[in-house]
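Listing of work_39.txt, compact mmCIF, C-alpha atoms and all ligand atoms
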# COMPACT_ATOMS: atom_id res chain seq x y z
CA MET A 1 0.00 0.00 0.00
CA ILE A 2 1.28 3.43 -0.92
CA ARG A 3 0.36 5.89 1.83
CA VAL A 4 -0.83 9.11 0.20
CA GLY A 5 -1.52 12.51 1.76
CA VAL A 6 -3.23 15.37 -0.06
CA ASN A 7 -2.17 18.93 0.80
CA GLY A 8 -4.73 21.49 -0.40
CA TYR A 9 -8.31 20.26 -0.52
CA GLY A 10 -10.08 22.41 -3.10
CA THR A 11 -11.26 21.71 -6.64
CA ILE A 12 -8.43 19.38 -7.56
CA GLY A 13 -7.48 18.14 -4.08
CA LYS A 14 -10.90 16.76 -3.15
CA ARG A 15 -11.09 14.88 -6.45
CA VAL A 16 -7.56 13.51 -6.08
CA ALA A 17 -8.42 12.37 -2.53
CA ASP A 18 -11.50 10.46 -3.73
CA ALA A 19 -9.55 8.91 -6.62
CA VAL A 20 -6.72 7.77 -4.34
CA HIS A 21 -9.27 6.41 -1.86
CA ALA A 22 -10.71 4.25 -4.66
CA GLN A 23 -7.36 2.58 -5.50
CA PRO A 24 -6.69 -0.93 -4.18
CA ASP A 25 -2.94 -0.27 -3.90
CA MET A 26 -3.13 3.11 -2.15
CA GLU A 27 -4.24 4.37 1.23
CA LEU A 28 -5.44 7.94 1.68
CA ILE A 29 -3.93 8.76 5.07
CA GLY A 30 -5.21 12.32 5.30
CA VAL A 31 -5.90 15.68 3.74
CA ALA A 32 -4.65 19.11 4.81
CA LYS A 33 -6.88 22.18 4.68
CA THR A 34 -6.48 25.83 5.52
CA GLN A 35 -10.04 26.38 6.78
CA PRO A 36 -12.98 24.40 8.11
CA ASN A 37 -15.33 25.26 5.25
CA PHE A 38 -17.98 23.02 3.60
CA GLU A 39 -15.30 20.88 1.98
CA ALA A 40 -13.83 20.12 5.42
CA HIS A 41 -17.24 18.96 6.59
CA THR A 42 -17.76 16.63 3.61
CA ALA A 43 -14.20 15.30 3.95
CA GLY A 44 -15.11 14.42 7.55
CA GLU A 45 -18.24 12.61 6.37
CA ARG A 46 -16.09 10.61 3.96
CA GLY A 47 -13.87 9.64 6.89
CA TYR A 48 -10.72 11.38 5.65
CA PRO A 49 -8.39 12.34 8.51
CA MET A 50 -8.07 16.13 8.50
CA TYR A 51 -4.84 18.04 9.14
CA ALA A 52 -4.45 21.79 9.61
CA ALA A 53 -2.43 23.24 6.73
CA ILE A 54 -1.73 26.39 8.74
CA PRO A 55 -1.04 25.42 12.39
CA GLU A 56 -2.18 28.79 13.84
CA ARG A 57 -5.64 28.12 12.40
CA SER A 58 -6.09 24.80 14.21
CA PRO A 59 -8.53 26.28 16.78
CA LEU A 60 -10.89 27.32 13.96
CA PHE A 61 -11.44 23.66 13.12
CA SER A 62 -12.49 22.64 16.64
CA GLU A 63 -14.71 25.75 16.88
CA ALA A 64 -16.42 24.61 13.65
CA GLY A 65 -16.81 21.07 14.96
CA VAL A 66 -14.24 19.55 12.60
CA ASP A 67 -11.94 17.02 14.29
CA LEU A 68 -8.25 17.38 13.48
CA ALA A 69 -5.83 14.46 13.26
CA GLY A 70 -2.87 16.86 13.47
CA GLU A 71 -0.92 19.46 11.56
CA VAL A 72 0.36 19.29 8.01
CA ASP A 73 3.95 18.51 9.16
CA GLU A 74 2.71 15.26 10.70
CA LEU A 75 0.84 14.32 7.54
CA VAL A 76 3.95 14.93 5.43
CA ALA A 77 6.08 12.88 7.84
CA LYS A 78 3.67 9.92 7.79
CA ALA A 79 3.00 9.85 4.06
CA ASP A 80 4.95 7.93 1.43
CA ILE A 81 3.97 10.70 -0.97
CA ILE A 82 2.12 14.02 -0.88
CA VAL A 83 -0.08 15.22 -3.71
CA ASP A 84 0.14 19.00 -3.45
CA CYS A 85 -3.10 20.57 -4.70
CA THR A 86 -2.62 24.07 -3.33
CA PRO A 87 -3.17 27.19 -5.46
CA SER A 88 -0.56 28.15 -8.11
CA GLY A 89 2.71 29.21 -6.53
CA ILE A 90 2.01 27.76 -3.07
CA GLY A 91 3.16 24.33 -4.22
CA ALA A 92 6.64 25.70 -4.96
CA GLU A 93 6.74 27.24 -1.47
CA ASN A 94 5.75 23.86 0.01
CA ARG A 95 8.54 21.93 -1.67
CA GLU A 96 10.94 22.73 1.19
CA LEU A 97 8.51 21.10 3.67
CA TYR A 98 8.45 17.91 1.61
CA GLU A 99 12.23 17.90 1.22
CA THR A 100 12.70 18.33 4.97
CA HIS A 101 10.74 15.12 5.55
CA HIS A 102 12.27 13.32 2.52
CA THR A 103 8.72 12.84 1.25
CA PRO A 104 8.28 12.71 -2.51
CA ALA A 105 5.59 14.99 -3.94
CA ILE A 106 3.39 15.62 -6.94
CA PHE A 107 2.63 19.21 -7.91
CA GLN A 108 -0.09 20.55 -10.18
CA GLY A 109 -0.05 22.41 -13.48
CA GLY A 110 -0.35 25.89 -11.95
CA GLU A 111 3.27 25.57 -10.80
CA ASP A 112 6.20 26.41 -13.07
CA ALA A 113 7.78 23.36 -14.65
CA ASP A 114 10.96 23.81 -12.61
CA VAL A 115 9.09 22.98 -9.37
CA ALA A 116 9.68 19.31 -10.22
CA ASP A 117 12.16 17.01 -11.94
CA VAL A 118 9.58 15.85 -14.49
CA SER A 119 6.36 17.13 -16.07
CA PHE A 120 3.94 14.24 -16.47
CA ASN A 121 1.14 12.93 -18.64
CA ALA A 122 0.29 9.24 -18.26
CA ARG A 123 -0.39 8.63 -21.97
CA ALA A 124 2.65 10.51 -23.24
CA ASN A 125 5.59 10.05 -20.84
CA PHE A 126 4.67 7.68 -17.99
CA ASP A 127 8.17 6.23 -17.75
CA ALA A 128 9.80 9.66 -17.33
CA ALA A 129 8.44 9.75 -13.75
CA ARG A 130 9.90 6.40 -12.75
CA ASP A 131 11.79 6.85 -9.50
CA ALA A 132 11.47 10.67 -9.64
CA ASP A 133 10.99 12.35 -6.24
CA TYR A 134 9.17 15.42 -7.56
CA VAL A 135 6.73 15.33 -10.44
CA ARG A 136 4.38 17.95 -11.88
CA VAL A 137 1.10 16.79 -13.42
CA VAL A 138 0.59 19.29 -16.25
CA SER A 139 -2.44 21.59 -16.50
CA CYS A 140 -5.90 20.62 -17.69
CA ASN A 141 -5.27 22.14 -21.13
CA THR A 142 -1.84 20.55 -21.53
CA THR A 143 -3.25 17.20 -20.39
CA GLY A 144 -6.04 17.51 -22.96
CA LEU A 145 -3.62 18.34 -25.78
CA SER A 146 -1.13 15.64 -24.75
CA ARG A 147 -3.78 12.90 -24.88
CA ILE A 148 -4.41 13.72 -28.55
CA ILE A 149 -0.85 14.43 -29.62
CA ALA A 150 0.63 11.22 -28.13
CA PRO A 151 -1.35 8.73 -30.25
CA LEU A 152 -1.06 10.93 -33.37
CA GLU A 153 2.70 11.15 -32.89
CA ALA A 154 3.02 7.38 -32.43
CA GLU A 155 0.77 6.51 -35.40
CA TYR A 156 1.61 9.14 -38.03
CA GLY A 157 4.33 11.47 -36.72
CA VAL A 158 3.45 15.12 -36.00
CA GLU A 159 4.98 17.97 -38.00
CA LYS A 160 3.21 20.87 -36.29
CA VAL A 161 0.34 21.55 -33.90
CA ARG A 162 -1.74 24.73 -33.91
CA ALA A 163 -4.37 25.04 -31.20
CA THR A 164 -6.86 27.75 -30.23
CA LEU A 165 -7.94 27.34 -26.62
CA VAL A 166 -11.33 28.83 -25.72
CA ARG A 167 -11.01 28.85 -21.97
CA ARG A 168 -13.66 28.99 -19.28
CA GLY A 169 -13.46 32.19 -17.28
CA GLY A 170 -13.37 30.34 -13.96
CA ASP A 171 -14.56 27.22 -12.17
CA PRO A 172 -18.20 27.21 -10.95
CA GLY A 173 -17.25 28.26 -7.41
CA GLN A 174 -14.85 31.02 -8.51
CA ASN A 175 -17.34 33.87 -8.36
CA SER A 176 -14.69 36.60 -8.45
CA ARG A 177 -13.43 35.58 -11.88
CA GLY A 178 -14.68 36.54 -15.30
CA PRO A 179 -15.34 37.90 -17.83
CA ILE A 180 -19.08 38.13 -17.15
CA ASN A 181 -19.96 39.55 -20.56
CA ASP A 182 -16.95 39.73 -22.84
CA ILE A 183 -14.69 37.69 -25.11
CA LEU A 184 -11.08 38.24 -24.20
CA PRO A 185 -8.01 37.35 -26.21
CA ASN A 186 -6.18 35.90 -23.18
CA PRO A 187 -3.28 35.81 -22.93
CA ILE A 188 -3.21 38.58 -25.54
CA GLU A 189 0.33 37.67 -26.63
CA ILE A 190 0.52 35.19 -29.51
CA PRO A 191 1.65 32.45 -29.34
CA SER A 192 0.41 31.81 -25.81
CA HIS A 193 2.31 30.14 -22.95
CA HIS A 194 0.32 26.94 -23.42
CA GLY A 195 2.49 25.69 -26.31
CA PRO A 196 5.72 25.81 -24.28
CA ASP A 197 3.94 23.93 -21.50
CA VAL A 198 3.02 21.15 -23.95
CA LYS A 199 6.72 21.04 -24.88
CA THR A 200 7.56 20.02 -21.30
CA ILE A 201 5.89 16.73 -22.31
CA PHE A 202 6.99 16.64 -25.99
CA PRO A 203 10.34 18.48 -26.01
CA GLY A 204 10.92 18.53 -29.79
CA LEU A 205 7.34 19.34 -30.79
CA GLU A 206 6.48 22.28 -33.08
CA ILE A 207 3.41 23.86 -31.50
CA ASP A 208 1.74 27.29 -31.50
CA THR A 209 -1.22 28.06 -29.26
CA LEU A 210 -3.64 30.99 -28.89
CA GLY A 211 -5.92 31.57 -25.94
CA LEU A 212 -9.25 33.29 -25.34
CA LYS A 213 -11.39 33.57 -22.20
CA VAL A 214 -15.18 33.47 -22.33
CA PRO A 215 -18.02 33.84 -19.82
CA ALA A 216 -18.46 30.14 -19.03
CA THR A 217 -17.55 27.88 -16.13
CA LEU A 218 -18.30 24.52 -17.72
CA MET A 219 -15.32 23.42 -19.81
CA HIS A 220 -12.54 24.55 -22.14
CA VAL A 221 -13.00 23.99 -25.88
CA HIS A 222 -10.01 23.50 -28.18
CA ALA A 223 -9.96 24.03 -31.95
CA LEU A 224 -7.06 21.89 -33.09
CA ASN A 225 -5.09 21.69 -36.33
CA VAL A 226 -2.34 19.10 -36.50
CA THR A 227 -0.13 18.74 -39.55
CA LEU A 228 0.86 15.09 -39.66
CA GLU A 229 3.87 13.54 -41.35
CA ASP A 230 1.72 11.11 -43.39
CA ASP A 231 -1.44 11.52 -45.42
CA VAL A 232 -4.38 10.27 -43.36
CA THR A 233 -8.11 9.80 -43.60
CA GLY A 234 -10.59 11.17 -41.08
CA ALA A 235 -11.97 7.69 -40.57
CA HIS A 236 -8.55 6.36 -39.60
CA VAL A 237 -7.92 9.19 -37.12
CA ARG A 238 -11.34 8.63 -35.65
CA GLN A 239 -10.66 4.93 -35.18
CA LEU A 240 -7.34 5.77 -33.54
CA LEU A 241 -8.94 8.20 -31.07
CA GLU A 242 -11.83 5.82 -30.34
CA GLY A 243 -9.20 3.34 -29.20
CA GLU A 244 -8.02 5.76 -26.49
CA ASN A 245 -9.85 5.13 -23.21
CA ARG A 246 -9.34 8.70 -21.99
CA VAL A 247 -10.75 10.16 -25.21
CA TYR A 248 -14.50 10.09 -25.80
CA VAL A 249 -15.34 10.55 -29.46
CA ILE A 250 -18.89 11.92 -29.30
CA PRO A 251 -20.98 9.96 -31.79
CA GLU A 252 -23.23 11.75 -34.25
CA GLY A 253 -26.82 11.39 -33.10
CA MET A 254 -26.09 11.93 -29.40
CA GLY A 255 -27.39 15.46 -29.71
CA ILE A 256 -24.44 16.82 -27.76
CA ASP A 257 -23.78 20.16 -29.40
CA GLY A 258 -21.77 21.88 -26.71
CA ALA A 259 -20.19 21.80 -23.27
CA GLY A 260 -23.52 22.29 -21.51
CA LYS A 261 -24.95 19.05 -22.80
CA LEU A 262 -21.68 17.25 -22.08
CA MET A 263 -21.95 18.30 -18.45
CA ASP A 264 -25.60 17.18 -18.39
CA PHE A 265 -24.53 13.86 -19.88
CA ALA A 266 -21.96 13.38 -17.11
CA LEU A 267 -24.58 14.17 -14.44
CA ASP A 268 -27.17 11.88 -16.04
CA ALA A 269 -24.57 9.11 -16.17
CA GLY A 270 -24.13 9.47 -12.41
CA ARG A 271 -20.54 10.65 -12.59
CA PRO A 272 -19.30 11.94 -9.19
CA ARG A 273 -19.63 15.74 -9.13
CA GLY A 274 -20.67 15.48 -12.81
CA ASP A 275 -17.02 14.97 -13.72
CA MET A 276 -15.92 14.20 -17.26
CA TRP A 277 -12.39 12.82 -17.02
CA GLU A 278 -12.10 12.08 -20.73
CA ASN A 279 -11.26 14.48 -23.57
CA CYS A 280 -14.52 14.91 -25.50
CA VAL A 281 -13.87 15.07 -29.24
CA TRP A 282 -16.80 15.79 -31.56
CA GLY A 283 -16.72 12.94 -34.07
CA GLU A 284 -18.28 15.10 -36.79
CA SER A 285 -15.53 17.68 -36.38
CA ILE A 286 -12.72 15.28 -37.28
CA GLY A 287 -11.73 16.53 -40.71
CA VAL A 288 -8.69 15.92 -42.86
CA ASN A 289 -7.21 17.90 -45.73
CA GLY A 290 -4.09 16.13 -47.01
CA ARG A 291 -1.77 15.96 -44.01
CA ASP A 292 -3.82 18.50 -42.01
CA LEU A 293 -6.13 17.18 -39.32
CA TYR A 294 -8.78 19.37 -37.69
CA LEU A 295 -11.00 18.71 -34.69
CA PHE A 296 -12.89 20.30 -31.80
CA GLN A 297 -12.60 18.91 -28.29
CA ALA A 298 -13.96 19.90 -24.88
CA ILE A 299 -11.92 19.49 -21.69
CA HIS A 300 -13.45 19.37 -18.22
CA GLN A 301 -10.85 21.44 -16.41
CA GLN A 302 -11.83 20.25 -12.93
CA SER A 303 -11.40 16.55 -13.57
CA ASP A 304 -9.23 15.57 -16.55
CA VAL A 305 -6.01 15.72 -14.50
CA ILE A 306 -7.33 13.45 -11.73
CA PRO A 307 -6.44 10.04 -13.25
CA GLU A 308 -3.05 11.49 -14.21
CA ASN A 309 -2.26 12.15 -10.53
CA VAL A 310 -3.07 8.53 -9.66
CA ASP A 311 -0.87 7.19 -12.46
CA ALA A 312 1.96 9.55 -11.50
CA ILE A 313 2.01 7.94 -8.04
CA ARG A 314 2.44 4.45 -9.51
CA ALA A 315 5.07 5.65 -11.95
CA MET A 316 7.10 7.27 -9.16
CA PHE A 317 6.96 4.12 -7.02
CA ASP A 318 7.56 1.91 -10.05
CA THR A 319 4.76 -0.46 -9.02
CA GLU A 320 2.96 -0.88 -12.37
CA ASP A 321 3.75 -0.34 -16.00
CA GLN A 322 1.96 2.34 -18.00
CA GLN A 323 -0.82 0.22 -19.46
CA ASP A 324 -1.62 -1.63 -16.25
CA SER A 325 -1.65 1.54 -14.19
CA MET A 326 -3.89 3.44 -16.60
CA ALA A 327 -6.24 0.46 -16.90
CA LEU A 328 -6.49 0.09 -13.12
CA THR A 329 -7.11 3.80 -12.64
CA ASP A 330 -9.76 3.83 -15.35
CA ARG A 331 -11.49 0.72 -13.99
CA THR A 332 -11.61 1.94 -10.40
CA LEU A 333 -12.84 5.44 -11.31
CA GLY A 334 -15.23 4.40 -14.07
CA ILE A 335 -13.39 6.14 -16.91
CA GLY A 336 -14.21 5.22 -20.50
CA ILE A 337 -17.54 5.75 -22.26
P1 LIG B 1 -8.52 25.69 -5.35
O1 LIG B 1 -8.38 27.11 -4.95
O2 LIG B 1 -9.86 25.17 -5.74
O3 LIG B 1 -8.00 24.74 -4.18
C1 LIG B 1 -6.80 24.99 -3.51
C2 LIG B 1 -6.99 24.65 -2.05
O4 LIG B 1 -5.76 24.82 -1.38
C3 LIG B 1 -8.01 25.57 -1.37
O5 LIG B 1 -8.86 24.77 -0.58
C4 LIG B 1 -7.14 26.48 -0.50
O6 LIG B 1 -7.79 26.89 0.66
C5 LIG B 1 -5.99 25.55 -0.16
N1 LIG B 1 -4.74 26.21 0.26
C6 LIG B 1 -4.37 27.49 0.09
N2 LIG B 1 -3.15 27.69 0.64
C7 LIG B 1 -2.77 26.49 1.18
C8 LIG B 1 -1.63 26.05 1.91
N3 LIG B 1 -0.61 26.88 2.17
N4 LIG B 1 -1.57 24.76 2.31
C9 LIG B 1 -2.58 23.91 2.04
N5 LIG B 1 -3.70 24.27 1.37
C10 LIG B 1 -3.78 25.56 0.94
O7 LIG B 1 -7.46 25.45 -6.51
P2 LIG B 1 -7.50 24.29 -7.60
O8 LIG B 1 -8.33 24.74 -8.74
O9 LIG B 1 -7.78 23.01 -6.94
O10 LIG B 1 -6.00 24.35 -8.12
C11 LIG B 1 -4.96 23.66 -7.46
C12 LIG B 1 -3.82 23.45 -8.45
O11 LIG B 1 -4.33 22.65 -9.53
C13 LIG B 1 -3.27 24.72 -9.10
O12 LIG B 1 -1.90 24.52 -9.40
C14 LIG B 1 -4.05 24.80 -10.40
O13 LIG B 1 -3.40 25.56 -11.39
C15 LIG B 1 -4.13 23.34 -10.76
N6 LIG B 1 -5.21 22.98 -11.67
C16 LIG B 1 -6.45 23.53 -11.52
C17 LIG B 1 -7.45 23.20 -12.42
C18 LIG B 1 -8.81 23.80 -12.34
O14 LIG B 1 -9.46 23.99 -13.36
N7 LIG B 1 -9.32 24.12 -11.18
C19 LIG B 1 -7.19 22.28 -13.45
C20 LIG B 1 -5.93 21.68 -13.52
C21 LIG B 1 -4.94 22.05 -12.64
How does the structure come out when it is put into structure tokens?
Ligand code: NAD
Amino acid sequence: MIRVGVNGYGTIGKRVADAVHAQPDMELIGVAKTQPNFEAHTAGERGYPMYAAIPERSPLFSEAGVDLAGEVDELVAKADIIVDCTPSGIGAENRELYETHHTPAIFQGGEDADVADVSFNARANFDAARDADYVRVVSCNTTGLSRIIAPLEAEYGVEKVRATLVRRGGDPGQNSRGPINDILPNPIEIPSHHGPDVKTIFPGLEIDTLGLKVPATLMHVHALNVTLEDDVTGAHVRQLLEGENRVYVIPEGMGIDGAGKLMDFALDAGRPRGDMWENCVWGESIGVNGRDLYLFQAIHQQSDVIPENVDAIRAMFDTEDQQDSMALTDRTLGIGI
């Protein structure tokens, strides 16, 4: 059993905790939080031992009726590995704490790549994390792009990727973010920083990205153009992507014409929190012109990185190979439509 602690229990942390809890080869030994808010209460109901992330705030937990198992230092000392799910930039500050206890750690995509030895995507570079002490699971957008690029690269070779990322303004609970009524080129510089982030997974890749932000909280949508090294047919690409368990090629006739219906679909299917862990590629959008492939995909920013965190743990402890780990993660979480 790999003993896992989660530091930072927000959007990503609570999902990582549930995913770890569902693994037969891992034990969730606790989660660390800064405040005893609603998420602390539901973590208690799930039976997750709670640690105070900021020791001075410990009394707030008992005042709110939330039992504490200790402080974050103790969690880090007890754990075989910490999955750091704190806000961007805090993870880098926490690295010293993990080093002090000789506890390996996984960081999230909001951190700069140099926070860790390796940037990770299970489909693209699982083996790069073998025996690494510090690994960064790349962002939701980079994860979404990597899951498409990896099979294309292996099957046809990729000459160049161009991607326009239409990004949600914020997550549903982030009521201070926006825009509320605007369409923002964001970041306004072209190409955007997303391409270089994808290159942390595919170092030699030619990729240019552009970003926009829109008034939506549901998902990101990518418009993708990939110039391949071989001539292809749309049907062949579709078959290739349908063979990827973490890619859902939306069949014609499903009546899913946008992110809203995708989120409804996930809720109707009984997914926890309405999560959609898979990339959602519109089958009808897969088009080919010579060596140029085009497609639209939607990425559920809150959940696509969750299975990647689970696989990163197995890669770091060298307990399963890539295929077995991904299959186990997918089976235990219910991934694959
Ligand atoms: P979040 O704000 O929802 O959750 C972060 C949690 O960490 C909050 O509960 C916060 O109170 C807590 N926290 C703050 N300071 C802390 C500290 N010092 N110690 C412990 N906990 C602390 O953020 P999130 O969306 O879950 O993002 C976490 C990381 O995941 C970021 O790097 C982010 O870029 C990345 N990420 C986010 C998304 C997304 O869409 N939300 C997608 C992929 C990756």
Original post:
Of the candidates A:Asp171, A:Glu252, A:Glu159, A:Asp231, which one gets nearest to ligand LIG 1 (chain B) if we count only C-alpha atoms and all ligand atoms?
Top reply: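 Checking each candidate against ligand LIG 1 (chain B), we get A:Asp171 as the closest.
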Contacts of ligand LIG 1 (chain B), 7 Å or closer, only C-alpha atoms and all ligand atoms, given as a PDB file with C-alpha atoms, in the coordinates of the input:
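Once everything was written out, this is pocket.pdb:
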ATOM      1  CA  ASN A   7      -2.170  18.930   0.800  1.00  0.00           C
ATOM      2  CA  GLY A   8      -4.730  21.490  -0.400  1.00  0.00           C
ATOM      3  CA  TYR A   9      -8.310  20.260  -0.520  1.00  0.00           C
ATOM      4  CA  GLY A  10     -10.080  22.410  -3.100  1.00  0.00           C
ATOM      5  CA  THR A  11     -11.260  21.710  -6.640  1.00  0.00           C
ATOM      6  CA  ILE A  12      -8.430  19.380  -7.560  1.00  0.00           C
ATOM      7  CA  GLY A  13      -7.480  18.140  -4.080  1.00  0.00           C
ATOM      8  CA  ALA A  32      -4.650  19.110   4.810  1.00  0.00           C
ATOM      9  CA  LYS A  33      -6.880  22.180   4.680  1.00  0.00           C
ATOM     10  CA  THR A  34      -6.480  25.830   5.520  1.00  0.00           C
ATOM     11  CA  GLN A  35     -10.040  26.380   6.780  1.00  0.00           C
ATOM     12  CA  ALA A  53      -2.430  23.240   6.730  1.00  0.00           C
ATOM     13  CA  ILE A  54      -1.730  26.390   8.740  1.00  0.00           C
ATOM     14  CA  CYS A  85      -3.100  20.570  -4.700  1.00  0.00           C
ATOM     15  CA  THR A  86      -2.620  24.070  -3.330  1.00  0.00           C
ATOM     16  CA  PRO A  87      -3.170  27.190  -5.460  1.00  0.00           C
ATOM     17  CA  SER A  88      -0.560  28.150  -8.110  1.00  0.00           C
ATOM     18  CA  ILE A  90       2.010  27.760  -3.070  1.00  0.00           C
ATOM     19  CA  GLN A 108      -0.090  20.550 -10.180  1.00  0.00           C
ATOM     20  CA  GLY A 109      -0.050  22.410 -13.480  1.00  0.00           C
ATOM     21  CA  GLY A 110      -0.350  25.890 -11.950  1.00  0.00           C
ATOM     22  CA  GLU A 111       3.270  25.570 -10.800  1.00  0.00           C
ATOM     23  CA  SER A 139      -2.440  21.590 -16.500  1.00  0.00           C
ATOM     24  CA  CYS A 140      -5.900  20.620 -17.690  1.00  0.00           C
ATOM     25  CA  ASP A 171     -14.560  27.220 -12.170  1.00  0.00           C
ATOM     26  CA  GLN A 301     -10.850  21.440 -16.410  1.00  0.00           C
ATOM     27  CA  GLN A 302     -11.830  20.250 -12.930  1.00  0.00           C
ATOM     28  CA  VAL A 305      -6.010  15.720 -14.500  1.00  0.00           C
TER      29      VAL A 305
END
Subject >> Selected residue, from A:Glu63, A:Asp117, A:Glu153, A:Glu320, that lies nearest to Ala105 (chain A) when counting only C-alpha atoms >> reply: A:Asp117
Subject >> Residue with smallest distance to Gly283 (chain A) - pool A:Val237, A:Val214, A:Leu75, A:Ala259, counting all atoms listed in the file >> reply: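 Smallest separation from Gly283 (chain A) among the options: A:Val237.
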**OP:** Go through A:Leu145, A:Ile306, A:Ala298, A:Leu224 one by one, measure the shortest atom-to-atom distance of each to Lys14 (chain A) using only C-alpha atoms, and give the residue with the smallest value.
**Re:** A:Ile306
Closest-contact table, region 85-136 of chain A side, partner region 203-209 of chain A, 12 Å, counting only C-alpha atoms, as CSV:
residue,atom,partner,partner_atom,distance
A:Val118,CA,A:Pro203,CA,11.8
A:Ser119,CA,A:Pro203,CA,10.8
A:Ala124,CA,A:Pro203,CA,11.4
A:Asn125,CA,A:Pro203,CA,11.0
Subject >> Nearby residues (all atoms listed in the file) at most 10 Å from His41 (chain A), same-chain spacing under 2 positions excluded, as JSON, numbers by chain >> reply: {"A": [36, 37, 38, 39, 43, 44, 45, 46, 47, 50, 61, 64, 65, 66, 67]}
Original post:
CA of Cys280 (chain A) to CA of Val221 (chain A): how many Å, to one decimal?
Top reply: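 One can read the CA of Cys280 (chain A) to CA of Val221 (chain A) distance as 9.2 Å.
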Subject >> Residues near Val158 (chain A), cut-off 12 Å, only C-alpha atoms, skip fewer than 4 positions along chain, as number ranges by chain >> reply: A: 148-154, 162, 202, 204-207, 225-232, 291-293
**OP:** In Å, rounded to a single decimal, give me how far CA of Pro307 (chain A) is from CA of Ala77 (chain A).
**Re:**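 So the two atoms, CA of Ala77 (chain A) and CA of Pro307 (chain A), lie 24.7 Å apart.
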Per-residue nearest contacts region 217-311 of chain A to region 21-30 of chain A, cut-off 12 Å, using all atoms listed in the file, as a tab-separated table:
residue	atom	partner	partner_atom	distance
A:Pro307	CA	A:Gln23	CA	10.8
A:Asn309	CA	A:Gln23	CA	12.0
A:Val310	CA	A:Gln23	CA	8.4
A:Asp311	CA	A:Gln23	CA	10.6
Original post:
Just how far from CA of Arg57 (chain A) is CA of Arg136 (chain A), in Å to one decimal?
Top reply: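 For CA of Arg136 (chain A) relative to CA of Arg57 (chain A), the distance reads 28.2 Å.
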**OP:** Kindly indicate which residue among A:Thr164, A:Gln322, A:Thr42, A:Asn175 lies nearest to Phe296 (chain A), using all atoms listed in the file for the distances.
**Re:**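 Of the candidates, the smallest distance to Phe296 (chain A) is held by A:Thr164.
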**OP:** Would you list the contacts of Ser303 (chain A) as JSON, numbers by chain, taking every protein, DNA or RNA residue within 10 Å and counting all atoms listed in the file, but skipping same-chain residues closer than 4 positions in sequence?
**Re:** {"A": [11, 12, 15, 16, 140, 273, 274, 275, 276, 277, 278, 299, 307, 308]}
